[in-house]
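Trainee: The structure that follows is given in the form of structure tokens.
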Amino acid sequence: MLCSAGIPASTPSSASSTPSSPSPTSSLSRPEKRRKTAALFPNYSPGKVTTMRNPQPSDSILTVLPVDLLVQILDRLPDTGDRKSCRLVSRGFLRAEALRRRALRVLRREALPSLLRRYSFALESLDLSPCPALDDAALAAAVHTSGGLRTLKTLCLARATGIGWRGLEALLAACPRLEAVDLSYCVGVGDREAAALAAAGGLREVRLDKCLGITDVGLAKLAVGCPVIETLGIKWCMEISDLGIDLLSKKCRDLKVLDLSYLKVTNFCLQSISCLGKLEDLTMVGCSQISDEGLRFLKNGSNSLRSIDVSRCSNVSTLGLVSVIEGHKCLQKINAGDCFPELVPPFLTMLGDIRHTLKVLKIDGFHVSASSFWIIGMDCKHLEEIGLAKCKGVTDQCISELVTHCPGLRTVDLTCCHLVTDNALIAIADHCKRLECLLSESCSLISEKGLDRIGTCCSDLKEVDLTDCHINDTALKCLSRCSELTMLKLGLCPNISDKGLFHIGSNCRKLLELDLYRCTGATDGGLAAIAAGCKNLKKLNMCYCTQITDEGLKHLSCLKELLDLEMRGLVHITSAGIAAIAFGCRSLVELDVKRCYSVDDASLWALAQYSKNLRQINISYCPVTDMGLCKLLGTLRCLQDAKLVHLMRVSIEGYELALRASWDRLKKLKLLGGLRHFLSPGLLQMLKARGCRIRWVDKPLVLGV
Amino acid sequence: MDPKRRRILESTTKSCAQMVGDRSRNFNPGQPFIQCNTTNLCYGGKPEQTFPEFPLDTENQSLYQPEHEVKGANQFKPIPNVNNAILDWDPRLVLSNLSFLEQKIHQVQDIVRSISNQEGSLLPSVKNTLVSTNPSVGHLGSIVGAQTSSGINGGQQQNEVMRMEVPKASAYDDLIEGFNGDGNEGSELINGLKSHGNEGDELIKCLKSSEGEGTESVPVEDHDVKDCDDGVDGENLPPGSYEVLQLEKEEILAPHTHFCTICGKGFKRDANLRMHMRGHGDEYKTPAALAKPNKEASSEPALIKRYSCPFVGCKRNKEHKKFQPLKTILCVKNHYKRSHCDKSFICSRCNTKKFSVIADLKTHEKHCGRDKWLCSCGTTFSRKDKLFGHVALFQGHTPILAVDETKVSGISDQVRGNEVMNGIVGSMDYNFAGSTLDDVQILNDRGVDDGRGCFSPMNFDACNFGGLDEFPRSAFEVSESSFSFLPSGSSGFIQRSGEN
């Protein structure tokens with residue numbers, strides 16, 4: 001009894017907020033562990049303890065601690081890995097953790113029932129989005145065995161394409177206090193699922209992005225069923241029209257956040273929306289039928305709106321935003337990117353009305369001039385974020401006019417502002433001491449001179465995008481003074497060498513994301529420096545850094561946190577390198593080895609063996625065979641997205657077998673178009689019924705980098 | 001023979017024709033017709049006198065032109081066993097005349113019934129005046145009243161009697177002769193006439209005005225009209241009040257109310273009749289003939305007419321203590337059919353919905369099967385926006401997905417009350433506060449039903465009993481229900497009540 005219930009060795013890796021790492025106890029042999037566990041067993045069943053053989057004195061202290069103290073201990077452990085280790089030590093800790101655990105992210109379907117049973121006591125947030133092969137039956141059964149999740153408030157089912165209304169009904173019936181549900185990108189979700197959600201009644205936050213089947217009727221059901229809804233995202237729900245929005249705004253008066261992006265709604269829906277007295281955040285990206293006349297309905301607002309996003313609404317100009325500002329004087333965020341690209345004088349004047357509140361202004365793609373920036377700078381002194389991507393006419397003078405009055409700027413987006421030079425960076429550095437994010441992709445005129453000032457002055461800098469800026473190692477050296485850097489994008493900077501990467505690796509220890517796309521100067525040495533310095537790196541892109549070999553990968557294999565590794569076109573790496581990565585980077589979730597022409601079956605075997613968390617893989621153009629593919633797809637229980645284009649050594653039967661081995665888990669598949677006619681229709685039907693979307697590509701086979 | 005008297009004769013005979021098929025009524029053979037002056041009428045002898053030679057009034061001549069009626073009359077074959085002795089006149093002509101008579105008698109019958117049912121007390125005085133002016137009618141009635149009503153012999157006998165007693169009506173003996181061949185029919189005709197014996201005076205009186213209406217070109221004789229009005233309403237109705245008329249079941253259910261004077265074809269509307277008449281000759285194509293019947297009578301002060309349903313116990317029946325009158329004859333017809341008749345028209349698509357008014361069926365069929373938008377209360381809608389409007393209006397109502405239909409029945413009972421109320425509120429017709437759901441449904445159908453009519457309400461003026469023919473369609477459809485509350489001071493507008 002003790003053994004069966006007390007040893008959770010098989011499950012902990014599947015329930016965690018971060019993917020598992022090898023636990024210290026896993027190396028123990030089973031009898032040894034049993035003894036240890038029994039020794040640590042606290043005062044729940046002392047009889048049992050007494051029957052056990054000599055408890056070790058070093059462990060006995062834990063036996064006298066009550067559960068609440070164990071909970072206190074766990075609360076003081078900040079690191080999830082440490083908590084995981086504790087959990088494995090004893091049943092007492094396991095129980096303590098079950099009592100205090102609020103959030104659960106399930107990575108394996110097999111573990112779901114036992115996890116829900118164990119954590120049903122205090123669980124408030126459940127994330128099933130990475131859980132593969134989840135379907136109605138599995139979910140309903142798991143929920144049933146858990147005996148109800150009475151405390152659950154947040155549920156994430158994003159991309160759980162296998163879930164239908166039956167599963168939702170079962171789940172929602174067991175979660176009476178549910179407040180937030182995320183069904184984003186469950187493309188099969190339709191009105192019935194919406195009706196199931198509506199049955200939950202008390203929902204306050206619902207995300208339904210790209211639930212393609214939802215129509216006005218489904219939205220109406222939701223609106224009637226959940227009148228207290230406050231946050232609703234229906235982006236990409238293409239079937240929803242003005243009627244649904246109208247009813248929504250009549251029924252859900254408490255709406256605060258509404259995302260209507262890319263819907264085919266017209267100005268009429270804005271008339272309905274204007275009645276929502278509590279609306280704070282309105283997002284209407286790409287609503288091409290919305291125009292300035294529609295925005296005029298927001299003129300008589302209740303000052304409730306804090307954020308409006310009309311980017312990519314091609315019929316909206318800043319004139320329409322003038323009406324919005326008239327009605328809502330507390331606007332904090334305006335995103336007018338890629339609208340009609342003209343800053344009209346009334347808009348600039350109206351900005352004065354919201355000078356105290358406006359914090360974010362995005363005018364991507366506008367035609368701007370220095371004078372308008374002067375006005376913006378004079379008016380919006382509290383600006384924290386400015387988005388000027390692809391703006392025409394942005395010069396150094398513009399930037400200096402702006403930043404001299406906006407010392408609070410934290411994010412400056414200068415993407416594709418080709419005229420910007422070092423002077424602009426110097427101006428930014430001089431005035432915006434709290435700069436955190438500098439996006440200057442394709443600003444090819446900037447150099448180490450400007451970045452030197454940035455590195456000196458902006459010590460808070462966290463994110464820098466220097467893609468396509470042709471900077472050199474000196475610039476990286478300057479930038480490496482920003483020790484807080486978490487994201488650094490250096491794509492298309494062929495002048496960077498290992499020397500620059502060494503500076504980064506040695507100083508930017510908090511780096512989480514590094515992009516070295518086509519940095520052909522980077523070699524194994526640079527990777528060694530990065531791997532040695534940036535231990536927390538989660539995302540690394542080194543596509544087409546053709547000098548990298550297996551040696552470099554071996555250095556990388558010490559990055560235990562690495563989640564996403566892209567190494568397209570690394571022609572020199574072989575299975576040895578991949579095996580090192582697979583063995584070392586156990587957290588790996590996404591792997592792209594497209595066009596690595598030396599990666600063969602052995603690497604797939606290694607991945608199948610060690611990369612248990614791999615969810616997404618791209619092995620297009622790799623010389624793998626039927627065996628490797630079948631092994632990979634059949635073994636990896638988490639794999640949900642596979643790109644298998646131009647696998648020249650894989651036969652039709654190989655594809656067929658591999659896909660049949662993984663049909664219930666795959667959600668996205670990229671295959672060569674010709675295969676459409678050779679794969680059995682039954683298989684394709686099974687995949688489709690499971691919610692798997694297949695992208696058929698018709699690219700000619702061109703080898704080379 | 002003075003023209004007035006001749007007109008009465010004509011109309012009486014027409015009444016006979018019309019009464020074919022209506023044998024259910026009891027009658028007093030002896031009563032009013034007894035004073036009829038036999039000398040004025042000649043139903044016997046002189047077979048050589050053909051119909052066209054009959055000395056006609058100018059207004060009648062247009063109706064009796066044999067040359068122009070041939071086309072229409074061709075449709076009607078002469079009765080096979082017509083007496084050879086009378087073949088020297090045209091049987092088709094007789095037929096056409098008979099159909100005209102039929103039409104007129106039908107009209108008169110309607111009127112008389114309504115009058116007799118409602119104000120019996122008025123009859124004697126009217127009778128007296130009539131008797132004094134038209135003694136011949138009474139005589140005719142008395143003669144006819146003596147006859148038995150069945151068998152060929154009876155018919156023969158009638159004719160013989162008439163021949164003796166009314167020798168002067170040279171034209172009509174031919175007419176009656178025509179019926180001798182078909183004795184049964186003839187006897188029925190006479191029978192029908194007899195059935196009207198006790199009301200005959202009233203009938204004839206009103207007939208004058210209706211005749212003037214029925215044939216467009218005939219100007220209405222004012223004194224006759226006045227007689228009619230005075231005789232009916234003048235005495236014991238308080239001023240400002242309306243006049244209540246009641247049609248009998250048979251009139252209400254009669255399929256046609258307009259008849260071609262030449263070929264006898266029946267029409268529901270006089271506009272259609274006018275269109276039809278064009279085929280009978282060029283004189284019907286003149287703008288005057290094609291125009292709507294003139295409205296000169298409307299200039300007179302007219303009392304507002306309201307109608308009562310003949311069904312005793314109905315709220316629309318005048319005996320009901322909360323009597324609510326119907327505004328037009330069309331209202332009467334539709335109300336009677338909807339409320340007191342079988343719903344014999346079944347929708348061929350859904351096989352569930354039944355209607356007694358065919359227009360309702362047609363309206364329904366337009367939408368049947370397209371009510372795919374369902375509310376949880378069980379209400380169906382043909383349009384999504386209507387459903388959403390409904391859902392927005394009521395707390396707790398929610399659209400039903402197509403797959404959920406089985407659930408509807410359970411929910412619908414709870415919300416049924418709301419639904420009924422919705423119907424009433426939606427129609428804004430407080431006349432129907434107490435009406436059933438079915439009525440509400442009918443009410444909703446009204447809009448389409450009414451769409452057909454394009455007549456001005458002015459056609460239907462107070463003194464015009466020809467108004468039977470043309471159901472005036474009010475141009476004020478939207479506001480009519482609110483108008484129904486107003487004391488009817490504006491006689492120019494004949495408002496239809498909410499129920500049509």
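Residue names in the structure tokens use chain letters A, B, ... in the order shown, residue numbers from 1 in each chain, and ligand numbers from 1 in the order shown.
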With only C-alpha atoms considered, list every residue of chain A at most 12 Å from chain B, as a PyMOL selection string.
Mentor: chain A and resi 190-196+198-199+201+214-227+241-252
Trainee: Limited to C-alpha atoms, could you put the picked residues into a file as a PDB file, in the first residue's frame?
Mentor:
ATOM      1  CA  GLY A 190     -18.185  25.822 -32.123  1.00  0.00           C
ATOM      2  CA  ASP A 191     -21.535  26.808 -30.762  1.00  0.00           C
ATOM      3  CA  ARG A 192     -22.071  23.660 -28.767  1.00  0.00           C
ATOM      4  CA  GLU A 193     -18.870  24.206 -26.885  1.00  0.00           C
ATOM      5  CA  ALA A 194     -19.878  27.803 -26.313  1.00  0.00           C
ATOM      6  CA  ALA A 195     -23.185  26.552 -24.989  1.00  0.00           C
ATOM      7  CA  ALA A 196     -21.325  24.234 -22.653  1.00  0.00           C
ATOM      8  CA  ALA A 198     -22.463  29.198 -20.948  1.00  0.00           C
ATOM      9  CA  ALA A 199     -23.710  26.499 -18.611  1.00  0.00           C
ATOM     10  CA  GLY A 201     -22.620  30.670 -15.523  1.00  0.00           C
ATOM     11  CA  ILE A 214     -18.406  29.855 -33.085  1.00  0.00           C
ATOM     12  CA  THR A 215     -21.208  31.889 -34.602  1.00  0.00           C
ATOM     13  CA  ASP A 216     -23.485  34.594 -33.306  1.00  0.00           C
ATOM     14  CA  VAL A 217     -25.649  31.942 -31.730  1.00  0.00           C
ATOM     15  CA  GLY A 218     -22.783  30.540 -29.716  1.00  0.00           C
ATOM     16  CA  LEU A 219     -21.798  34.006 -28.614  1.00  0.00           C
ATOM     17  CA  ALA A 220     -25.390  34.736 -27.695  1.00  0.00           C
ATOM     18  CA  LYS A 221     -25.519  31.603 -25.584  1.00  0.00           C
ATOM     19  CA  LEU A 222     -22.372  32.682 -23.843  1.00  0.00           C
ATOM     20  CA  ALA A 223     -23.639  36.207 -23.352  1.00  0.00           C
ATOM     21  CA  VAL A 224     -26.905  35.011 -21.868  1.00  0.00           C
ATOM     22  CA  GLY A 225     -25.320  32.271 -19.809  1.00  0.00           C
ATOM     23  CA  CYS A 226     -22.450  34.304 -18.412  1.00  0.00           C
ATOM     24  CA  PRO A 227     -23.776  37.809 -17.802  1.00  0.00           C
ATOM     25  CA  SER A 241     -21.102  39.417 -36.816  1.00  0.00           C
ATOM     26  CA  ASP A 242     -22.595  42.656 -35.572  1.00  0.00           C
ATOM     27  CA  LEU A 243     -25.681  40.886 -34.287  1.00  0.00           C
ATOM     28  CA  GLY A 244     -23.708  38.786 -31.867  1.00  0.00           C
ATOM     29  CA  ILE A 245     -21.701  41.756 -30.650  1.00  0.00           C
ATOM     30  CA  ASP A 246     -24.874  43.755 -30.242  1.00  0.00           C
ATOM     31  CA  LEU A 247     -26.457  41.103 -28.077  1.00  0.00           C
ATOM     32  CA  LEU A 248     -23.226  40.683 -26.150  1.00  0.00           C
ATOM     33  CA  SER A 249     -23.118  44.355 -25.299  1.00  0.00           C
ATOM     34  CA  LYS A 250     -26.724  44.257 -24.182  1.00  0.00           C
ATOM     35  CA  LYS A 251     -26.345  41.209 -21.990  1.00  0.00           C
ATOM     36  CA  CYS A 252     -22.854  41.554 -20.571  1.00  0.00           C
TER      37      CYS A 252
END
Trainee: What are the DSSP strand (DSSP E or B) residues of segment 309-354 of chain B, as JSON, numbers by chain?
Mentor: {"B": [326, 345, 346, 354]}
Trainee: Asp281 of chain A: which residues within 9 Å, counting only C-alpha atoms, same-chain residues fewer than 4 positions away excluded, as JSON, numbers by chain?
Mentor: {"A": [256, 257, 258, 259, 304, 305, 306, 307, 308, 309, 333]}
Trainee: How many Å lie between atom CA of Arg518 of chain A and atom CA of Leu669 of chain A, rounded to one decimal?
Mentor: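 Result for atom CA of Arg518 of chain A versus atom CA of Leu669 of chain A: 26.2 Å, one decimal.
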Trainee: Which residues come within 8 Å of Leu276 of chain A, counting only C-alpha atoms, excluding same-chain residues fewer than 6 positions away, as number ranges by chain?
Mentor: A: 249, 253-255
Trainee: Pick out the residues sitting within 12 Å of Leu632 of chain A, and hand them over as a PyMOL selection string; count only C-alpha atoms, and ignore anything fewer than 4 positions along from it in its own chain.
Mentor: chain A and resi 600-612+614-619+624-628+636-640+642+644+654-655+657-659+661-662
